[in-house]
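Novice: Just dropping this structure here.
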Amino acid sequence: MPAIERHLADEAATIELGEDLALALKPGDCVALSGDLGAGKSTLARAFLRAVADDDGLEVPSPTFTLVQSYDLRIPVAHFDLYRLADSSELDELGFDEALSQGICLVEWPERANDALPSGRITLTITHEKDGRRVEISAPDGTLQRIARALSIRDFLDRNGHSKARRRHLSGDASIRAYERIYPADRSVSRILMDSPRHKPGPILQDGKYYQQLAHIAEDVVPFVAIDQLLVARGLAAPAIYARDLDQGILLIEDLGSEGVLDADGQPIDERYIESARLLARLHAEQAQREISIDRTVIHRIPDFDRTAMKIETRLLTDWYLPWKRGAPASDDEMREYGDIWDGLIDLLQTSETNLLLRDFHSPNIIWRDEREGLDRIGLIDFQDAMIGPTAYDVASLVQDARVTIAPPLASRMMETYLAERRRDPSFDEVTFLRDWHLMSAQRNCKLVGIWVRLMQRDGKPGYMKHMPRTFAYLQAALSHESLKPLHDWCMKTGILVSESAN
């Protein structure tokens with residue numbers, strides 16, 4: 001990939017570039033800032049640090065005399081000035097390697113230690129150009145693509161009336177999506193920037209398809225736009241979409257707020273969970289349309305939560321969890337028996353009530369808006385993977401929140417709230433729904449135990465493993481239903497439930 005060149009018209013543009021880089025760089029990145037005195041290296045470094053800190057008043061003293069200043073931020077950053085460095089070997093004494101292993105290193109005057117800096121570094125060469133500056137950015141292809149993505153988002157904002165907006169990291173999730181909070185230059189209400197590049201195909205697993213295709217995981221932003229449109233039309237609080245680039249996977253959407261359904265200690269707030277259950281009941285009371293037209297050329301058809309999708313998700317238990325737990329893959333007989341059991345359970349779902357399921361309706365994706373009334377208090381996000389499937393799935397997702405322990409009394413109140421709303425329809429089959437709730441709970445939790453291990457081993461995100469004991473407790477509750485006895489017996493035979501309940 002060729003080097004990136006940008007014209008920086010003034011100091012504000014240099015600061016803007018620093019903010020953009022703060023959203024592109026990650027631990028292990030070394031940034032070499034080259035340029036003459038007055039070229040803007042310190043201005044760019046200061047802007048970068050303040051953006052990572054999300055603190056415009058952060059003191060950023062020059063490291064000219066100390067040679068290095070360290071900042072314990074969202075990502076640790078070490079700011080080096082090597083102008084006074086006598087020999088490149090002094091980098092070891094300054095703790096350069098340790099700083100790089102833990103975070104990001106910004107290096108002014110890198111020429112003083114070129115031979116000691118990592119070969120995969122990012123080099124920003126800043127030169128004077130008339131009344132402004134020109135910056136050339138070079139780096140290995142993968143790193144340069146990250147930077148190019150951040151700059152393309154800046155261009156998207158400029159095209160859509162938000163030039164000079166401030167950008168701040170908001171969150172990432174277990175997928176490749178990332179979110180920013182955008183503060184318009186006119187100081188109007190903030191926006192959310194959804195950065196969701198198209199999924200790259202993974203290894204072929206079945207029928208010539210990769211995991212995202214088999215499990216019906218959204219591969220671009222079209223499903224989000226479509227489901228958002230459907231929910232808003234139903235009078236629910238999904239975010240307004242102000243600007244979009246479907247090809248690049250960039251959306252500028254309404255900021256519904258940052259208050260959720262948990263208290264300051266991370267515990268469930270009963271009222272908010274109960275009202276969320278009521279929202280599901282209202283959503284399920286009316287059948288969702290299958291096809292949603294986004295514009296004249298783009299139509300999204302909501303996929304079915306079909307046998308293939310259900311089974312590929314449950315396989316995460318045998319593909320990831322069992323090998324991690326036992327240190328050896330599941331045997332062919334175990335895999336075959338497990339698959340046959342799920343075929344039998346999925347056959348039961350032929351009599352299920354089906355409707356729109358949001359798929360991940362739990363605490364991270366529910367915004368509470370206390371100033372509103374009724375169901376408008378519940379803001380909905382992260383629904384791009386929505387499907388048509390058993391309505392019991394979303395109820396299980398909420399009542400057995402994967403990220404927080406739901407005590408039995410609250411779980412019972414949520415279930416009763418949902419059922420009371422649904423009983424208004426005389427055609428609602430409560431017995432079948434409760435069977436499906438247990439079945440969908442088992443399916444979801446078999447998926448999750450594998451996801452936690454996959455996130456740790458493949459994606460380097462071990463923090464999700466803290467949810468494992470809770471997930472197994474939920475799975476045990478699901479397996480109490482008589483229809484799930486074959487799966488219960490298989491879990492006992494393979495030692496899954498015994499091994500976890502002993503912890």
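We label chains A, B, ... in the order they appear in the structure tokens, count residues from 1 in each chain, and number ligands from 1 in the order shown.
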What are the closest atom pairs, with distances in Å to one decimal, for each residue of stretch 201-256 of chain A lying within 10 Å of stretch 353-369 of chain A, using only C-alpha atoms, rows by chain and rising residue number, as CSV?

Specialist:
```
residue,atom,partner,partner_atom,distance
A:Ile227,CA,A:Leu358,CA,9.0
A:Ala237,CA,A:Ile367,CA,9.3
A:Ala238,CA,A:Ile367,CA,9.9
A:Leu256,CA,A:Ile367,CA,6.8
```

Novice: What would the file look like if the residues just selected were written as an mmCIF file, in the first residue's frame with N, CA, C and O atoms?

Specialist:
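File again.cif, as written:
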```cif
data_model
loop_
_atom_site.group_PDB
_atom_site.id
_atom_site.type_symbol
_atom_site.label_atom_id
_atom_site.label_comp_id
_atom_site.auth_asym_id
_atom_site.auth_seq_id
_atom_site.Cartn_x
_atom_site.Cartn_y
_atom_site.Cartn_z
ATOM 1 N N ILE A 227 -33.108 -3.085 9.904
ATOM 2 C CA ILE A 227 -33.797 -3.381 11.163
ATOM 3 C C ILE A 227 -34.085 -2.098 11.932
ATOM 4 O O ILE A 227 -35.140 -1.962 12.569
ATOM 5 N N ALA A 237 -37.572 2.812 20.165
ATOM 6 C CA ALA A 237 -36.489 3.789 20.226
ATOM 7 C C ALA A 237 -35.186 3.220 19.689
ATOM 8 O O ALA A 237 -34.242 2.948 20.433
ATOM 9 N N ALA A 238 -35.133 3.039 18.388
ATOM 10 C CA ALA A 238 -33.876 2.732 17.708
ATOM 11 C C ALA A 238 -33.303 4.053 17.211
ATOM 12 O O ALA A 238 -34.038 5.012 16.970
ATOM 13 N N LEU A 256 -28.194 7.776 21.741
ATOM 14 C CA LEU A 256 -29.319 7.512 22.648
ATOM 15 C C LEU A 256 -28.936 7.698 24.112
ATOM 16 O O LEU A 256 -29.802 7.620 24.987
#
```

Novice: When DSSP works through the backbone of this structure, what residues of stretch 274-333 of chain A end up as alpha helix (DSSP H), shown as a list in words?

Specialist: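 After running DSSP on the backbone, stretch 274-333 of chain A has alpha helix (DSSP H) at Ile274, Glu275, Ser276, Ala277, Arg278, Leu279, Leu280, Ala281, Arg282, Leu283, His284, Arg307, Thr308, Ala309, Met310, Lys311, Ile312, Glu313, Thr314, Arg315, Leu316, Leu322, Pro323, Trp324, Lys325, Arg326, Asp332 and Asp333 of chain A.
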
Novice: Restricting the calculation to only C-alpha atoms: of A:Leu205, A:Ala215, A:Leu106, A:Glu254, which residue gets closest to A:Gly379?

Specialist: A:Glu254

Novice: Give the strand (DSSP E or B) residues of stretch 244-326 of chain A, as DSSP finds them on the backbone, and put them as a ChimeraX atom specification.

Specialist: /A:244-245,250-254,262,268,291-293,299-301,304

Novice: Would you please work out which residue, of A:Leu280, A:Leu214, A:Cys491, A:Leu375, is nearest to A:Thr308 when using only C-alpha atoms?

Specialist: A:Leu214

Novice: Env of A:Gln212: 9 Å cut, atoms = only C-alpha atoms, seq-sep filter 4 positions within chain, self excluded. Answer as a list of chain:residue names.

Specialist: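 In the requested format, the answer is A:His199, A:Pro201, A:Gly202, A:His216, A:Ile217, A:Ala218, A:Glu219.
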
Novice: For a quick check of understanding, using only C-alpha atoms, which of A:Thr14, A:Ser34, A:Ser293, A:Thr43 has the smallest distance to A:Pro223?

Specialist: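 Nearest to A:Pro223: A:Ser293.
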
Novice: For A:Gln229, list every protein, DNA or RNA residue within 12 Å, evaluated using only C-alpha atoms, and leave out those in the same chain fewer than 3 positions away; present the list as a PyMOL selection string.

Specialist: chain A and resi 222-226+232-241+288-289+291-295+299-300+383-384

Novice: Based on the selection just made, write C-alpha atoms of those residues as a PDB file, in the first residue's frame.

Specialist:
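So the final result, stored in out.pdb, reads:
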```pdb
ATOM      1  CA  VAL A 222     -27.256  -3.002   5.441  1.00  0.00           C
ATOM      2  CA  PRO A 223     -29.017  -5.242   8.021  1.00  0.00           C
ATOM      3  CA  PHE A 224     -28.531  -2.619  10.748  1.00  0.00           C
ATOM      4  CA  VAL A 225     -30.071   0.090   8.577  1.00  0.00           C
ATOM      5  CA  ALA A 226     -32.980  -2.185   7.630  1.00  0.00           C
ATOM      6  CA  VAL A 232     -38.555   2.983  14.255  1.00  0.00           C
ATOM      7  CA  ALA A 233     -41.645   2.286  12.148  1.00  0.00           C
ATOM      8  CA  ARG A 234     -42.966   0.192  15.031  1.00  0.00           C
ATOM      9  CA  GLY A 235     -42.564   3.167  17.381  1.00  0.00           C
ATOM     10  CA  LEU A 236     -39.557   1.785  19.245  1.00  0.00           C
ATOM     11  CA  ALA A 237     -36.489   3.789  20.226  1.00  0.00           C
ATOM     12  CA  ALA A 238     -33.876   2.732  17.708  1.00  0.00           C
ATOM     13  CA  PRO A 239     -31.378   5.447  16.729  1.00  0.00           C
ATOM     14  CA  ALA A 240     -32.068   7.851  13.898  1.00  0.00           C
ATOM     15  CA  ILE A 241     -29.548   7.498  11.062  1.00  0.00           C
ATOM     16  CA  ALA A 288     -42.536  -8.526  11.501  1.00  0.00           C
ATOM     17  CA  GLN A 289     -42.217  -8.037   7.768  1.00  0.00           C
ATOM     18  CA  GLU A 291     -38.317  -7.818   3.426  1.00  0.00           C
ATOM     19  CA  ILE A 292     -37.263  -4.237   4.091  1.00  0.00           C
ATOM     20  CA  SER A 293     -36.483  -1.816   1.299  1.00  0.00           C
ATOM     21  CA  ILE A 294     -33.660   0.587   2.165  1.00  0.00           C
ATOM     22  CA  ASP A 295     -33.672   2.352  -1.182  1.00  0.00           C
ATOM     23  CA  ILE A 299     -33.624  -4.738  -0.117  1.00  0.00           C
ATOM     24  CA  HIS A 300     -32.790  -6.658   3.045  1.00  0.00           C
ATOM     25  CA  PHE A 383     -29.494  -5.445  16.339  1.00  0.00           C
ATOM     26  CA  GLN A 384     -27.793  -5.952  12.955  1.00  0.00           C
TER      27      GLN A 384
END
```

Novice: Measuring atom to atom with only C-alpha atoms, identify which of A:Ile192, A:Leu151, A:Thr127, A:Arg134 is nearest to A:Glu19.

Specialist: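 That would be A:Leu151, the residue with the smallest distance to A:Glu19.
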
Novice: I'd like to know which of A:Ile4, A:Leu484, A:Leu349, A:Val453 is closest to A:Phe433, using only C-alpha atoms.

Specialist: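 Looking at the shortest contact to A:Phe433, the residue is A:Leu349.
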
Novice: So, with only C-alpha atoms as the atoms that count, which of A:Thr125, A:Asn114, A:Gln248, A:Gln443 lies closest to A:His7?

Specialist: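 Counting only C-alpha atoms, the residue closest to A:His7 is A:Thr125.
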
Novice: Can you pull out every residue within 12 Å of stretch 331-346 of chain A, counting only C-alpha atoms, but drop anything in the same chain fewer than 6 positions away, and send it as a PyMOL selection string?

Specialist: chain A and resi 305-319+322-323+352+389-390+435-436+438-440+442-443+446+479+481-491+493-495

Novice: What's around A:Ala12 at 12 Å? Count only C-alpha atoms, leave out sequence neighbours fewer than 6 positions away in its own chain, and write the answer as a PyMOL selection string.

Specialist: chain A and resi 18-19+40+43-44+47+132-133+163-166
